[in-house]
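Chemist: To start, I am sharing the structure in question, which I have written as structure tokens.
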There are 4 protein chains.
Amino acid sequence: MLIVMESTAGQEQVEAVVKQIEKLGLRAHPIPGAQRVAIGITGNRGSVDSGTVEAMPGVAEVIRVSNPYKLVSREARPEDTVVSVGGVSVGGTAIVVIGGPCAVESREQLRAVAEGVRDAGGHILRGGAFKPRTSPYAFQGLGERGLHILAEAGREFGLPVVTEAVDEESLALVAQYADAIQIGARNMQNFSLLRSAGKLRKPVLLKRGMSATLEEFLLSAEYILSEGNYEVMLCERGIRTYSDYTRNTLDLSVVPAIKRISHLPILVDPSHGTGKRAKVLPMSRAGIAVGADGIIVEVHHKPDEALSDGPQSILPVDFARLVKDVEAIATVLGRPLHAAVAAVNSVAAGAK
Amino acid sequence: MLIVMESTAGQEQVEAVVKQIEKLGLRAHPIPGAQRVAIGITGNRGSVDSGTVEAMPGVAEVIRVSNPYKLVSREARPEDTVVSVGGVSVGGTAIVVIGGPCAVESREQLRAVAEGVRDAGGHILRGGAFKPRTSPYAFQGLGERGLHILAEAGREFGLPVVTEAVDEESLALVAQYADAIQIGARNMQNFSLLRSAGKLRKPVLLKRGMSATLEEFLLSAEYILSEGNYEVMLCERGIRTYSDYTRNTLDLSVVPAIKRISHLPILVDPSHGTGKRAKVLPMSRAGIAVGADGIIVEVHHKPDEALSDGPQSILPVDFARLVKDVEAIATVLGRPLHAAVAAVNSVAAGAK
Amino acid sequence: MLIVMESTAGQEQVEAVVKQIEKLGLRAHPIPGAQRVAIGITGNRGSVDSGTVEAMPGVAEVIRVSNPYKLVSREARPEDTVVSVGGVSVGGTAIVVIGGPCAVESREQLRAVAEGVRDAGGHILRGGAFKPRTSPYAFQGLGERGLHILAEAGREFGLPVVTEAVDEESLALVAQYADAIQIGARNMQNFSLLRSAGKLRKPVLLKRGMSATLEEFLLSAEYILSEGNYEVMLCERGIRTYSDYTRNTLDLSVVPAIKRISHLPILVDPSHGTGKRAKVLPMSRAGIAVGADGIIVEVHHKPDEALSDGPQSILPVDFARLVKDVEAIATVLGRPLHAAVAAVNSVAAGAK
Amino acid sequence: MLIVMESTAGQEQVEAVVKQIEKLGLRAHPIPGAQRVAIGITGNRGSVDSGTVEAMPGVAEVIRVSNPYKLVSREARPEDTVVSVGGVSVGGTAIVVIGGPCAVESREQLRAVAEGVRDAGGHILRGGAFKPRTSPYAFQGLGERGLHILAEAGREFGLPVVTEAVDEESLALVAQYADAIQIGARNMQNFSLLRSAGKLRKPVLLKRGMSATLEEFLLSAEYILSEGNYEVMLCERGIRTYSDYTRNTLDLSVVPAIKRISHLPILVDPSHGTGKRAKVLPMSRAGIAVGADGIIVEVHHKPDEALSDGPQSILPVDFARLVKDVEAIATVLGRPLHAAVAAVNSVAAGAK
């Protein structure tokens, strides 16, 4: 259920409605918009008597939401959500480019890549410290030491950082070191992890599961929002099909589909989406052309020595070309590239 | 097997090699390139003694082709193939846009749409007269009367025309009326039809089957080339996946994959690829951004009254916007939009 | 639209209704059942005034069929269709087993395999003379010579024969030599071929397309029935999925789904369905356990020398075990194995 | 790496090898077989000098395992693993049938269903207390209270119980109350949860992920074994395909594929695999016919009132028929149905 307040409704009227909702044993989620406030209601398992709320002062309308998602939908919030990742706005008009290695391997590696990302005009640094690997015998990441290296490089090169959490323990650590928390494709329906991430007040980058429908994807985001964390960025990273010349099939038509239904930012990951270095640049261009809010891409200064995902990583010099192309395509759509990141603006600066 | 001639080899040397190959019971396919001539050999089921050919004057190299496709591969022809559809070049640097209704319904309908396509800057007119329909009870097209209407509109508005053939009978008719023959997704592995189209000397627009791998797609094109018709254009039109918010999943990463392996032009069909009007424009932009040579799109002046595929057809006014966007994206890649078609340049002009 | 006649309606009443329907510009398809006759109507593109028919003597009910298939549906014919293939009943209580090589290669090969099939208790002999091959350079079958060899072996070992037609030309030949015509997965939506097969009065074995939905599959059968040929057998042969340890994914749950909606027999092809010899036996058992009317399987006396599909062919000795297992499983479901074929009962006996 | 001991090797020789392996910084997993002991080695990221071990007394062979899985493979353990779930053997010759509601809803509901399961000859009781639901607003299970009800019913009706854990917290609780821990499809690549389950000494029922390849499935099991818990049962529950008339496509050919590669038991879940009540019985028969070690199926005494998955639950009376059919099919394969469970033999008896 969704309550739309009048545009003239004051803060105290919003609070009164919230209080009334909570008295009914439900949770209220005020969602401020440009024109008016909407209040999402969650926790109602069955029927709720909307009468008492409908009559309250300041209430314009009570909408019985028939589709399964509430807080992620444009009905709940017509304006685009803009998420701030350490000062970089994701989801506004400006396009962002996120780059970095699949896995943090060493201080030297990360400094080399981070410098390349910054010099090329990239906005956010990525790099995994906890790697969900198919095999228990594959390199699983450096753990907290990797987070430390990542945060340090972020500070040095003035780039906010995003990195993946795979369970409760790593989530707590990632929240401490990073500007945004990534939840990977394999954990898209790890509902406990989603709820925990929803209790934090840190942006979350949620990747689409390998065979997730649009509805499942948005409902996983809904798990995070329903716990009160509205700073969610979605990310298309390829789905599993019979098609065999790319690692996954990058499903770009999900971008306009999401834009229509949801107010959340949507990024495209052409590295995992194709698994092939040579396809990263063209699919990045296509991702922006279709309307994504940004690109997240794997960059490595020595791809052939990478401990994971080498074949899909590009060199810093190619990343520079990618940023230029992305900017040119964005211009066609009337969107600017996000301004270059200033010196030390990362929340990570505060982390140890 | 592939024979690469020296760049200095004369016409008579090429002919001598061809004769020698035919004497061995095989078929020779001379493929002229910018620098040199290559000669593809087909028909060898087992091992062939390459010695006799290797020693002939003008022969630079004999390559045993290990991958399954020969004539469609870049090894056989490094330069891009440029197909001329009634004077419009497909596969060169210039981008082409093909528009028209799913099915030819009446003279009035087709004239209205053709005028819109021409005014918007479209280059080729499409429209089905023979429709492969899932149900035997659905509208199956106007048949030869539809071809007549199509060719007439092509002449009137100076647009070459492309239309689908579904069997031997319609193939003969389409070859008579149209500038290019479309073979649809459902017939991509109708090998008899492919062979017959290969015996014609008319460009063929071959659509990817609904669950075709890249190899199957290229081998179907190989069927056409192996009969001597080298004027083949490929077209990605969406594959079947579990994903349910679009009719098919437009697999744009096939574009760079094909460009790398094959010299044939590749177009993108966002109408069938998404099945949704609102996604045609963004996916057209993405198709060009990823490197396609053109877009083929369904246009209808009254989509809601269309006898087939109404929900995925766009209005002429939206088509005009699409042509503009496509041109702007092409510019980013350093490619121009194809010049507007001059008055009556269609081969169809000659047809009755 | 479907007209259900009263159980007491006489032949002349049925004929009068048929005449009336044809007067309305439609086609009538009388479908005799155990209790009563139903008359399917095809050809109505829009609304038809059912009033005139409804009032005729002998008419019990006029049903507006809302689902897309008419003649293939159980609403049109509640009783199971039993197709006679050269005297072997397919679709009754008895289970049939069809065996033979992927391709007819030589008289010696076919005699060896046919003998094995007959001795093991198989009921129908299969073998391709026209092979739809992905590559134009692969073995395409022996053509009419193959048909001749097949019919000859059928006569010699008293087995009716089924073989594939791939176009108009081969269809005419196959109809002449074989007891049943196979239409393969790649041609499931070759609607011209389906219509042509519908005009013959020979049983048709229609294989499910590689990515066909249940509705598409049944509508392709509907194409055949709508031309007047009601002797159609369906065949599940695996669908294309991401799953990679079998060539296709044999979708056995389609069997009960078809049984519920349609009266047509449904067979299972575990050879193409798995592409692996070792999985043919267990998947044959599973096919019968799930309710299929029979199994069609590739048998070769020298699989490693087979010109096509060797890795999925089983030896005659394994085929014998398969027939035994199939019978045992069938018994659990209360179904017998079809009686062994008597000497020379094949229609093929009459050919050429 | 895998060390195969001589059949005559004594316990102290095995222990000496284990000690030597641990000295090299690796983990040793002795796997006792009928004839001899094998020792799996995990933890080696790169190359290991096998020389020191190879020369030790009692060592027959050192095998460099090239395929990605070690402990789950038949190379490591040729004999079938038999897992004891509260006294019921899963993976031996005898077939087991597991039944129960999707979710534990109340004491009354569970008692009714458990009685039905026991009376029908079922061996293990299932029922979810922690439900991973696509939507945050769907019924999420009764939590610990549900476990309590489940264990109680297990004791009352003499059935061991299996139930799902979705995170660390629920895992600890489930381990306390249940005889086996289920890890669901959505958590198949929740590697942290797999590791934690691997540290317990309780049987684990691991379901295949919705789009998991065979390799990914087995590697997820490998995560559990590599932590020392060898009591793993696999379960096929349908994969996601384009096919739309069942909820998922039950991929039965995975059963023989797994049997060939791995020694772990494999069950089939036709309830989730089809999502349709009417297909549960035929697909159960097919599952046993193809070689599965058992069936796990959803049973509800009032399916239409079920809080989750009602449409795929069958009545106790249908479950009784299913057990009979399963037994009959098993007999064909020379396998008995597991003996009926005796009174109070559940480990759960000790819990609470």
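To be explicit about the labels: the chains of the structure tokens are called A, B, and onward in the order shown, and within each one the residues are counted from 1, while ligands get numbers from 1 in the order they are shown.
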I need the contact residues of chain D against chain B, so if you could list those with any atom within 7 Å, counting only C-alpha atoms, and return them as a list in words, that would help.
Modeler: Arg240, Thr241 and Tyr242 of chain D
Chemist: Set the distance at 8 Å and use only C-alpha atoms: which residues neighbour Ile181 in chain D once local chain neighbours fewer than 5 positions away are removed? I'd like the list as a PDB file with C-alpha atoms, in the first residue's frame.
Modeler:
```pdb
ATOM      1  CA  VAL D 162      14.818 -32.404   6.873  1.00  0.00           C
ATOM      2  CA  THR D 163      14.385 -28.646   6.677  1.00  0.00           C
ATOM      3  CA  GLU D 164      16.037 -25.681   5.058  1.00  0.00           C
ATOM      4  CA  ALA D 165      18.613 -23.301   6.500  1.00  0.00           C
ATOM      5  CA  LEU D 171      21.736 -23.123  10.157  1.00  0.00           C
ATOM      6  CA  VAL D 174      18.271 -26.376  11.976  1.00  0.00           C
ATOM      7  CA  ALA D 175      21.327 -28.416  12.969  1.00  0.00           C
ATOM      8  CA  LYS D 202      24.909 -33.473   9.873  1.00  0.00           C
ATOM      9  CA  PRO D 203      23.712 -34.656   6.456  1.00  0.00           C
ATOM     10  CA  VAL D 204      23.155 -31.888   3.920  1.00  0.00           C
ATOM     11  CA  LEU D 205      20.569 -31.975   1.136  1.00  0.00           C
TER      12      LEU D 205
END
```
Chemist: Would you mind reading off the distance between CA of Gly92 in chain C and CA of Val323 in chain D, one decimal, in Å?
Modeler: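 Between these atoms lies a distance of 26.5 Å.
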Chemist: Between CA of Leu110 in chain D and CA of Leu159 in chain D, what is the spacing in Å?
Modeler: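 For CA of Leu159 in chain D relative to CA of Leu110 in chain D, the distance reads 12.2 Å.
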Chemist: Skipping near chain neighbours, those fewer than 3 positions away, what residues fall within 12 Å of Glu108 in chain C using only C-alpha atoms, listed as a list of chain:residue names?
Modeler: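 Here the answer would be C:Val104, C:Glu105, C:Arg111, C:Ala112, C:Val113, C:Ala114, C:Glu115, C:Gly146, C:Ile149, C:Leu150, C:Glu152, C:Ala153, C:His300, C:His301, C:Lys302.
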Chemist: Need the shell around range 271-285 of chain D: protein/DNA/RNA residues with any atom at most 8 Å away, counting only C-alpha atoms. Skip same-chain ones fewer than 6 positions apart. Format as a PyMOL selection string?
Modeler: (chain C and resi 252-253+256-257+286+289-291) or (chain D and resi 236-239+246-250+295-298+309+311-314+322+325-326+329)
Chemist: Name all residues at most 10 Å from range 184-191 of chain D (count only C-alpha atoms; drop same-chain ones fewer than 2 positions away) and give them as an MDAnalysis selection string.
Modeler: (chainID A and resid 131:136 166:167 185:191 209) or (chainID D and resid 131:134 163:167 181:182 193:197 205:212 216:217 219:221 223:224 235:239)
Chemist: Please identify the strand (DSSP E) residues within range 19-195 of chain A (assignment by DSSP from backbone atoms) and present them as number ranges by chain.
Modeler: A: 27-32, 37-42, 59-63, 83-85, 88-90, 96-100, 124-126, 161-164, 180-183
Chemist: Under the rule that only C-alpha atoms are counted, which of C:Pro57, C:Gly122, C:Pro265, C:Pro30 is the nearest residue to Lys324 in chain C?
Modeler: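 Of the candidates, the smallest distance to Lys324 in chain C is held by C:Gly122.
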Chemist: Excluding Lys259 in chain D and any residue of its chain fewer than 4 positions from it, enumerate the residues within 9 Å of it, using only C-alpha atoms, and give them as a PDB file with all heavy atoms, in the first residue's frame.
Modeler:
```
ATOM      1  N   ARG D  74      34.051 -39.735  -8.437  1.00  0.00           N
ATOM      2  CA  ARG D  74      34.195 -41.188  -8.326  1.00  0.00           C
ATOM      3  C   ARG D  74      35.654 -41.609  -8.327  1.00  0.00           C
ATOM      4  O   ARG D  74      35.975 -42.716  -7.894  1.00  0.00           O
ATOM      5  CB  ARG D  74      33.482 -41.887  -9.500  1.00  0.00           C
ATOM      6  CG  ARG D  74      31.992 -41.934  -9.369  1.00  0.00           C
ATOM      7  CD  ARG D  74      31.431 -43.317  -9.725  1.00  0.00           C
ATOM      8  NE  ARG D  74      29.985 -43.323  -9.560  1.00  0.00           N
ATOM      9  CZ  ARG D  74      29.380 -43.819  -8.482  1.00  0.00           C
ATOM     10  NH1 ARG D  74      30.067 -44.365  -7.508  1.00  0.00           N
ATOM     11  NH2 ARG D  74      28.071 -43.777  -8.386  1.00  0.00           N
ATOM     12  N   ASP D  80      29.414 -45.879  -4.087  1.00  0.00           N
ATOM     13  CA  ASP D  80      28.357 -44.917  -3.778  1.00  0.00           C
ATOM     14  C   ASP D  80      28.405 -44.523  -2.310  1.00  0.00           C
ATOM     15  O   ASP D  80      28.566 -45.375  -1.434  1.00  0.00           O
ATOM     16  CB  ASP D  80      26.976 -45.552  -4.050  1.00  0.00           C
ATOM     17  CG  ASP D  80      26.709 -45.691  -5.540  1.00  0.00           C
ATOM     18  OD1 ASP D  80      27.388 -45.014  -6.337  1.00  0.00           O
ATOM     19  OD2 ASP D  80      25.810 -46.476  -5.902  1.00  0.00           O
ATOM     20  N   VAL D 254      20.335 -35.134 -15.792  1.00  0.00           N
ATOM     21  CA  VAL D 254      21.440 -34.850 -14.877  1.00  0.00           C
ATOM     22  C   VAL D 254      21.687 -36.043 -13.952  1.00  0.00           C
ATOM     23  O   VAL D 254      22.795 -36.206 -13.424  1.00  0.00           O
ATOM     24  CB  VAL D 254      21.153 -33.566 -14.037  1.00  0.00           C
ATOM     25  CG1 VAL D 254      20.322 -33.860 -12.808  1.00  0.00           C
ATOM     26  CG2 VAL D 254      22.461 -32.888 -13.636  1.00  0.00           C
ATOM     27  N   VAL D 255      20.669 -36.885 -13.764  1.00  0.00           N
ATOM     28  CA  VAL D 255      20.815 -37.998 -12.829  1.00  0.00           C
ATOM     29  C   VAL D 255      21.895 -38.987 -13.284  1.00  0.00           C
ATOM     30  O   VAL D 255      22.861 -39.225 -12.561  1.00  0.00           O
ATOM     31  CB  VAL D 255      19.458 -38.690 -12.563  1.00  0.00           C
ATOM     32  CG1 VAL D 255      19.636 -39.947 -11.725  1.00  0.00           C
ATOM     33  CG2 VAL D 255      18.483 -37.726 -11.888  1.00  0.00           C
ATOM     34  N   HIS D 263      30.003 -39.935  -6.503  1.00  0.00           N
ATOM     35  CA  HIS D 263      29.527 -41.023  -5.648  1.00  0.00           C
ATOM     36  C   HIS D 263      28.391 -40.577  -4.737  1.00  0.00           C
ATOM     37  O   HIS D 263      27.877 -41.370  -3.953  1.00  0.00           O
ATOM     38  CB  HIS D 263      30.686 -41.533  -4.778  1.00  0.00           C
ATOM     39  CG  HIS D 263      31.407 -40.435  -4.056  1.00  0.00           C
ATOM     40  ND1 HIS D 263      30.950 -39.913  -2.881  1.00  0.00           N
ATOM     41  CD2 HIS D 263      32.516 -39.734  -4.391  1.00  0.00           C
ATOM     42  CE1 HIS D 263      31.772 -38.938  -2.491  1.00  0.00           C
ATOM     43  NE2 HIS D 263      32.722 -38.799  -3.393  1.00  0.00           N
ATOM     44  N   LEU D 264      27.989 -39.305  -4.847  1.00  0.00           N
ATOM     45  CA  LEU D 264      26.966 -38.789  -3.945  1.00  0.00           C
ATOM     46  C   LEU D 264      25.570 -39.216  -4.380  1.00  0.00           C
ATOM     47  O   LEU D 264      25.306 -39.369  -5.566  1.00  0.00           O
ATOM     48  CB  LEU D 264      27.040 -37.261  -3.889  1.00  0.00           C
ATOM     49  CG  LEU D 264      28.341 -36.673  -3.325  1.00  0.00           C
ATOM     50  CD1 LEU D 264      28.326 -35.156  -3.434  1.00  0.00           C
ATOM     51  CD2 LEU D 264      28.565 -37.096  -1.870  1.00  0.00           C
ATOM     52  N   PRO D 265      24.658 -39.401  -3.427  1.00  0.00           N
ATOM     53  CA  PRO D 265      23.262 -39.722  -3.785  1.00  0.00           C
ATOM     54  C   PRO D 265      22.623 -38.541  -4.509  1.00  0.00           C
ATOM     55  O   PRO D 265      22.984 -37.388  -4.266  1.00  0.00           O
ATOM     56  CB  PRO D 265      22.580 -39.922  -2.427  1.00  0.00           C
ATOM     57  CG  PRO D 265      23.653 -39.981  -1.404  1.00  0.00           C
ATOM     58  CD  PRO D 265      24.861 -39.319  -1.973  1.00  0.00           C
ATOM     59  N   ILE D 266      21.679 -38.851  -5.380  1.00  0.00           N
ATOM     60  CA  ILE D 266      20.971 -37.792  -6.082  1.00  0.00           C
ATOM     61  C   ILE D 266      19.462 -38.045  -6.013  1.00  0.00           C
ATOM     62  O   ILE D 266      18.991 -39.136  -6.384  1.00  0.00           O
ATOM     63  CB  ILE D 266      21.462 -37.637  -7.542  1.00  0.00           C
ATOM     64  CG1 ILE D 266      20.502 -36.786  -8.399  1.00  0.00           C
ATOM     65  CG2 ILE D 266      21.659 -38.967  -8.251  1.00  0.00           C
ATOM     66  CD1 ILE D 266      20.741 -35.317  -8.285  1.00  0.00           C
ATOM     67  N   GLY D 291      17.044 -43.365 -12.639  1.00  0.00           N
ATOM     68  CA  GLY D 291      18.112 -43.812 -11.758  1.00  0.00           C
ATOM     69  C   GLY D 291      18.327 -43.022 -10.483  1.00  0.00           C
ATOM     70  O   GLY D 291      19.331 -43.228  -9.798  1.00  0.00           O
ATOM     71  N   ALA D 292      17.405 -42.128 -10.134  1.00  0.00           N
ATOM     72  CA  ALA D 292      17.576 -41.357  -8.906  1.00  0.00           C
ATOM     73  C   ALA D 292      17.470 -42.258  -7.681  1.00  0.00           C
ATOM     74  O   ALA D 292      16.875 -43.334  -7.740  1.00  0.00           O
ATOM     75  CB  ALA D 292      16.531 -40.237  -8.825  1.00  0.00           C
TER      76      ALA D 292
END
```
Chemist: Hey, can you check how far CA of Ser73 in chain B sits from CA of Val14 in chain B?
Modeler: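 If I compute the distance from CA of Ser73 in chain B to CA of Val14 in chain B, I get 20.2 Å.
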Chemist: Output as an NGL selection string all residues of range 77-323 of chain B that backbone DSSP marks as alpha helix (DSSP H).
Modeler: :B and (107-120 or 144-157 or 168-177 or 191-199 or 214-225 or 254-261 or 270-274 or 277-289 or 316-323)
Chemist: Could you give me, as JSON, numbers by chain, the residues within 8 Å of Gln20 in chain B, counting only C-alpha atoms and dropping anything in the same chain fewer than 4 positions from it?
Modeler: {"B": [16, 24, 53]}
